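What follows is the content of upload.csv, which has CSV, C-alpha atoms:
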```
chain,number,residue,atom,x,y,z
A,4,MET,CA,117.8,-130.7,-72.6
A,5,THR,CA,119.6,-133.9,-73.8
A,6,GLN,CA,120.8,-136.1,-71.0
A,7,LYS,CA,124.3,-137.4,-71.6
A,8,PHE,CA,125.5,-140.8,-70.7
A,9,MET,CA,128.2,-141.1,-68.1
A,10,VAL,CA,131.4,-142.5,-69.7
A,11,LEU,CA,132.0,-144.9,-66.8
A,12,SER,CA,128.5,-146.4,-66.9
A,13,ALA,CA,128.1,-146.6,-70.7
A,14,LEU,CA,131.7,-147.2,-72.0
A,15,LEU,CA,133.7,-148.9,-69.3
A,16,ILE,CA,131.0,-151.4,-68.4
A,17,CYS,CA,131.3,-152.7,-72.0
A,18,LEU,CA,134.9,-153.9,-71.6
A,19,ILE,CA,134.8,-154.5,-67.8
A,20,THR,CA,131.7,-156.6,-67.6
A,21,MET,CA,132.3,-158.7,-70.8
A,22,PHE,CA,134.6,-160.8,-68.6
A,23,GLY,CA,132.5,-160.8,-65.5
A,24,CYS,CA,133.7,-159.3,-62.2
A,25,GLY,CA,137.3,-159.8,-61.1
A,26,SER,CA,139.5,-157.8,-58.7
A,27,ASP,CA,143.1,-157.0,-58.4
A,28,GLU,CA,142.8,-156.8,-54.7
A,29,GLU,CA,142.5,-160.6,-54.4
A,30,GLU,CA,145.6,-162.5,-53.7
A,31,PRO,CA,145.6,-165.4,-56.3
A,32,GLU,CA,146.0,-168.9,-54.9
A,33,LYS,CA,148.9,-171.0,-55.8
A,34,PRO,CA,148.1,-172.8,-59.1
A,35,THR,CA,146.7,-176.3,-58.6
A,36,THR,CA,148.8,-178.9,-60.4
A,37,PRO,CA,146.6,-181.0,-62.6
A,38,THR,CA,146.2,-184.6,-61.5
A,39,THR,CA,147.9,-187.4,-63.4
A,40,THR,CA,144.6,-188.6,-64.7
A,41,GLU,CA,144.3,-185.5,-66.8
A,42,PRO,CA,146.6,-185.3,-69.9
A,43,MET,CA,148.9,-182.4,-70.0
A,44,VAL,CA,148.3,-180.0,-72.9
A,45,PRO,CA,151.4,-179.6,-75.2
A,46,PRO,CA,152.1,-175.8,-75.7
A,47,GLU,CA,152.0,-176.3,-79.5
A,48,GLU,CA,148.3,-177.1,-79.3
A,49,LEU,CA,147.6,-173.6,-78.1
A,50,ILE,CA,149.1,-172.0,-81.2
A,51,GLY,CA,146.6,-170.1,-83.3
A,52,SER,CA,143.6,-167.8,-83.1
A,53,TRP,CA,140.8,-168.5,-80.6
A,54,GLU,CA,137.5,-166.7,-80.5
A,55,VAL,CA,136.0,-166.1,-77.1
A,56,VAL,CA,132.5,-167.7,-77.1
A,57,SER,CA,131.6,-167.5,-73.4
A,58,ILE,CA,132.7,-166.0,-70.1
A,59,ASN,CA,131.4,-167.7,-66.9
A,60,GLY,CA,128.8,-169.6,-68.9
A,61,GLU,CA,127.4,-166.5,-70.6
A,62,HIS,CA,127.9,-164.9,-74.0
A,63,PRO,CA,130.9,-162.5,-73.9
A,64,LEU,CA,128.5,-159.6,-74.2
A,65,ALA,CA,125.9,-160.8,-71.7
A,66,PHE,CA,127.2,-158.4,-69.1
A,67,VAL,CA,127.3,-155.4,-71.3
A,68,ASN,CA,124.7,-152.8,-70.1
A,69,ALA,CA,124.3,-154.9,-66.9
A,70,ASP,CA,123.6,-151.6,-65.0
A,71,GLU,CA,120.5,-151.1,-67.2
A,72,PRO,CA,117.9,-153.7,-66.3
A,73,ASP,CA,115.4,-152.5,-68.9
A,74,GLU,CA,116.4,-154.1,-72.2
A,75,GLU,CA,114.6,-151.4,-74.2
A,76,GLU,CA,116.8,-148.7,-72.7
A,77,ARG,CA,120.1,-150.4,-73.7
A,78,PRO,CA,122.2,-149.2,-76.7
A,79,LYS,CA,122.5,-151.7,-79.5
A,80,LEU,CA,125.8,-153.6,-79.6
A,81,ASN,CA,127.5,-155.1,-82.6
A,82,THR,CA,130.6,-157.2,-82.1
A,83,GLU,CA,133.3,-157.5,-84.8
A,84,ASN,CA,136.3,-159.0,-83.0
A,85,PHE,CA,136.8,-160.8,-79.8
A,86,TYR,CA,139.6,-163.3,-80.0
A,87,TYR,CA,143.1,-164.3,-78.7
A,88,VAL,CA,146.1,-165.2,-80.8
A,89,PHE,CA,148.9,-167.3,-79.4
A,90,SER,CA,152.1,-167.4,-81.4
A,91,THR,CA,155.1,-169.7,-81.6
A,92,ASP,CA,157.4,-167.1,-80.1
A,93,ASN,CA,155.4,-167.2,-76.8
A,94,SER,CA,153.6,-163.9,-77.5
A,95,TRP,CA,149.8,-163.4,-77.3
A,96,THR,CA,147.4,-160.7,-78.3
A,97,LEU,CA,143.7,-160.1,-77.4
A,98,ASN,CA,141.7,-158.3,-80.0
A,99,VAL,CA,138.3,-156.7,-79.1
A,100,LYS,CA,136.3,-154.5,-81.4
A,101,PHE,CA,132.6,-153.6,-81.2
A,102,ASP,CA,130.3,-150.6,-81.6
A,103,MET,CA,127.4,-149.1,-79.7
A,104,ALA,CA,124.5,-147.5,-81.6
A,105,GLU,CA,120.8,-146.6,-81.2
A,106,PHE,CA,120.9,-144.9,-77.8
A,107,PRO,CA,117.3,-144.9,-76.4
A,108,GLU,CA,118.0,-142.0,-74.1
A,109,VAL,CA,119.0,-139.8,-77.0
A,110,PRO,CA,116.6,-140.9,-79.8
A,111,ASN,CA,116.9,-137.7,-81.8
A,112,ILE,CA,120.6,-138.1,-82.3
A,113,GLU,CA,121.8,-140.8,-84.8
A,114,GLY,CA,125.3,-142.2,-84.8
A,115,LYS,CA,127.5,-144.8,-83.2
A,116,VAL,CA,130.6,-145.2,-81.0
A,117,GLY,CA,133.3,-147.7,-81.8
A,118,ILE,CA,135.6,-149.3,-79.3
A,119,ALA,CA,138.7,-151.2,-80.4
A,120,GLY,CA,141.3,-152.6,-78.1
A,121,ILE,CA,144.5,-154.7,-78.5
A,122,TRP,CA,146.3,-156.2,-75.5
A,123,SER,CA,149.5,-158.1,-75.9
A,124,GLY,CA,152.3,-159.8,-74.0
A,125,THR,CA,154.0,-163.1,-73.4
A,126,TYR,CA,152.8,-166.4,-72.2
A,127,SER,CA,154.1,-169.7,-70.8
A,128,VAL,CA,152.6,-173.2,-70.3
A,129,ASP,CA,153.8,-175.4,-67.5
A,130,ASP,CA,151.9,-178.6,-66.7
A,131,SER,CA,148.7,-177.2,-68.3
A,132,VAL,CA,148.9,-174.0,-66.4
A,133,LEU,CA,148.8,-171.0,-68.7
A,134,SER,CA,150.4,-167.8,-67.5
A,135,LEU,CA,150.0,-164.5,-69.2
A,136,VAL,CA,152.1,-161.4,-68.8
A,137,LYS,CA,150.8,-158.1,-70.3
A,138,VAL,CA,153.4,-156.0,-72.1
A,139,GLU,CA,151.4,-153.5,-74.2
A,140,SER,CA,147.8,-152.3,-74.5
A,141,GLU,CA,146.0,-149.8,-76.7
A,142,VAL,CA,142.4,-148.7,-76.9
A,143,GLU,CA,140.9,-146.5,-79.6
A,144,ILE,CA,137.5,-144.8,-79.4
A,145,THR,CA,135.8,-143.5,-82.6
A,146,SER,CA,132.5,-142.0,-83.3
A,147,ASP,CA,130.4,-141.5,-86.5
A,148,PRO,CA,129.6,-138.7,-87.0
A,149,ILE,CA,132.8,-137.3,-85.4
A,150,ASP,CA,130.9,-135.1,-82.9
A,151,PHE,CA,128.5,-138.0,-81.8
A,152,PHE,CA,130.7,-139.0,-78.8
A,153,ASP,CA,130.7,-135.4,-77.4
A,154,ALA,CA,126.9,-135.2,-78.0
A,155,VAL,CA,126.1,-138.4,-76.1
A,156,PHE,CA,128.8,-138.9,-73.4
A,157,GLU,CA,130.2,-136.8,-70.6
A,158,GLY,CA,134.0,-136.5,-70.5
A,159,SER,CA,136.6,-136.7,-73.2
A,160,LYS,CA,137.8,-139.6,-75.3
A,161,ILE,CA,141.2,-139.4,-73.6
A,162,GLU,CA,139.6,-139.8,-70.2
A,163,ALA,CA,137.5,-142.7,-71.4
A,164,LYS,CA,140.5,-144.4,-72.9
A,165,ASN,CA,142.6,-144.1,-69.8
A,166,GLU,CA,139.8,-145.4,-67.6
A,167,ILE,CA,139.1,-148.3,-69.9
A,168,LEU,CA,142.8,-149.3,-69.8
A,169,GLU,CA,142.9,-149.1,-66.0
A,170,GLU,CA,139.7,-150.9,-65.4
A,171,PHE,CA,140.5,-153.6,-68.0
A,172,MET,CA,143.6,-154.5,-66.0
A,173,SER,CA,141.8,-154.9,-62.7
A,174,HIS,CA,138.6,-156.5,-63.9
A,175,VAL,CA,139.4,-158.3,-67.2
A,176,PHE,CA,143.1,-159.2,-67.5
A,177,ASN,CA,144.1,-159.9,-63.9
A,178,PRO,CA,141.4,-162.7,-63.2
A,179,PHE,CA,142.8,-164.7,-66.2
A,180,THR,CA,146.6,-164.2,-65.8
A,181,LYS,CA,147.0,-167.7,-64.5
A,182,THR,CA,144.6,-170.5,-65.6
A,183,ILE,CA,144.3,-174.2,-66.0
A,184,LEU,CA,143.9,-174.9,-69.7
A,185,SER,CA,142.3,-177.8,-71.5
A,186,ILE,CA,141.7,-178.4,-75.2
A,187,ASP,CA,139.0,-180.7,-76.6
A,188,GLY,CA,139.1,-180.7,-80.3
A,189,ASP,CA,138.5,-177.0,-81.4
A,190,THR,CA,137.4,-175.9,-77.9
A,191,LEU,CA,139.8,-174.3,-75.4
A,192,THR,CA,138.8,-173.9,-71.8
A,193,LEU,CA,140.6,-171.6,-69.4
A,194,GLU,CA,139.7,-171.9,-65.7
A,195,ALA,CA,141.2,-169.3,-63.2
A,196,THR,CA,143.3,-170.7,-60.4
A,197,GLY,CA,142.2,-168.2,-57.8
A,198,SER,CA,139.4,-168.5,-55.3
A,199,VAL,CA,137.0,-166.9,-57.8
A,200,LYS,CA,136.7,-169.6,-60.5
A,201,ASN,CA,136.3,-167.5,-63.6
A,202,LYS,CA,135.9,-169.6,-66.7
A,203,MET,CA,136.5,-168.7,-70.3
A,204,VAL,CA,135.6,-170.9,-73.3
A,205,LEU,CA,137.1,-170.3,-76.7
A,206,GLU,CA,136.9,-171.9,-80.2
A,207,LYS,CA,139.6,-172.3,-82.8
A,208,GLN,CA,139.2,-170.0,-85.7
```
Serialized structure, structure tokens:
Amino acid sequence: MTQKFMVLSALLICLITMFGCGSDEEEPEKPTTPTTTEPMVPPEELIGSWEVVSINGEHPLAFVNADEPDEEERPKLNTENFYYVFSTDNSWTLNVKFDMAEFPEVPNIEGKVGIAGIWSGTYSVDDSVLSLVKVESEVEITSDPIDFFDAVFEGSKIEAKNEILEEFMSHVFNPFTKTILSIDGDTLTLEATGSVKNKMVLEKQ
């Protein structure tokens, strides 16, 4: 009998843990105003597309499959998109797209599951403090062949989608809603202002 993966452990962990652990239960601290020795970042320098290259010092996908210590038991992950776009109209989007394939626990079934998410909203920059407000979000889950998802995972795609959106808000978006930003050439660094000092590094595309 084929043992199916749990949606929460195999799908949600992919988006949740890519950004490390955050919590919406924590009351964020009041943003720290940068000292006068640090130059303020003009908002126009933020405009453009920025690829996420590390989260808390790790590759963005380092935490994927964190619940599976044995590397040989982990599905293969292929990343296509993982980037922010900041526009001149003070809007932002986050694009994430990757797929999971070669599931060791179901070696007799070939296929892959694709996850694509777009989060968007508005932003503001005040004294190098970047504030993000989410307005819309959408996640799409696909599988090839079409019945591969049902053969490998428990639960429906709708259930997985809703849980991904909910968990993304509490574990991914909320920890980075207010950050101190700094730009050095083509490198953008975002450091959270709360007591948990989450850090994201991005490179200009």
Residue with smallest distance to Lys164 in chain A - pool A:Thr180, A:Glu54, A:Ile149, A:Ala119, counting only C-alpha atoms: A:Ala119
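You will find CA of Thr125 in chain A at 22.0 Å from CA of Glu143 in chain A.
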Atomic separation - CA of Asn84 in chain A relative to CA of Val155 in chain A, Å: 24.0 Å
One residue among A:Gly60, A:Pro46, A:Gly117, A:Gly197 is nearest to Leu80 in chain A when using only C-alpha atoms, and that residue is A:Gly117
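Excluding Trp53 in chain A itself and same-chain residues fewer than 4 positions from it, the residues having an atom within 9 Å of it are A:Leu49, A:Phe85, A:Tyr86, A:Tyr87, A:Val88, A:Phe89, A:Asp189, A:Thr190, A:Leu191, A:Leu205, A:Glu206, A:Lys207, A:Gln208, counting all atoms listed in the file.
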Within 9 Å of (143.0, -170.2, -66.4) (file coordinates; all atoms listed in the file), which protein or nucleic acid residues are there? I'd like them as a CSV table (one decimal) with C-alpha atoms, in the frame of the given file.
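Writing done, so here's point27.csv:
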```csv
chain,number,residue,atom,x,y,z
A,132,VAL,CA,148.9,-174.0,-66.4
A,133,LEU,CA,148.8,-171.0,-68.7
A,134,SER,CA,150.4,-167.8,-67.5
A,178,PRO,CA,141.4,-162.7,-63.2
A,179,PHE,CA,142.8,-164.7,-66.2
A,180,THR,CA,146.6,-164.2,-65.8
A,181,LYS,CA,147.0,-167.7,-64.5
A,182,THR,CA,144.6,-170.5,-65.6
A,183,ILE,CA,144.3,-174.2,-66.0
A,184,LEU,CA,143.9,-174.9,-69.7
A,192,THR,CA,138.8,-173.9,-71.8
A,193,LEU,CA,140.6,-171.6,-69.4
A,194,GLU,CA,139.7,-171.9,-65.7
A,195,ALA,CA,141.2,-169.3,-63.2
A,196,THR,CA,143.3,-170.7,-60.4
A,197,GLY,CA,142.2,-168.2,-57.8
A,200,LYS,CA,136.7,-169.6,-60.5
A,201,ASN,CA,136.3,-167.5,-63.6
A,202,LYS,CA,135.9,-169.6,-66.7
A,203,MET,CA,136.5,-168.7,-70.3
```
One decimal place gives the CA of Val56 in chain A-CA of Val116 in chain A separation as 22.9 Å
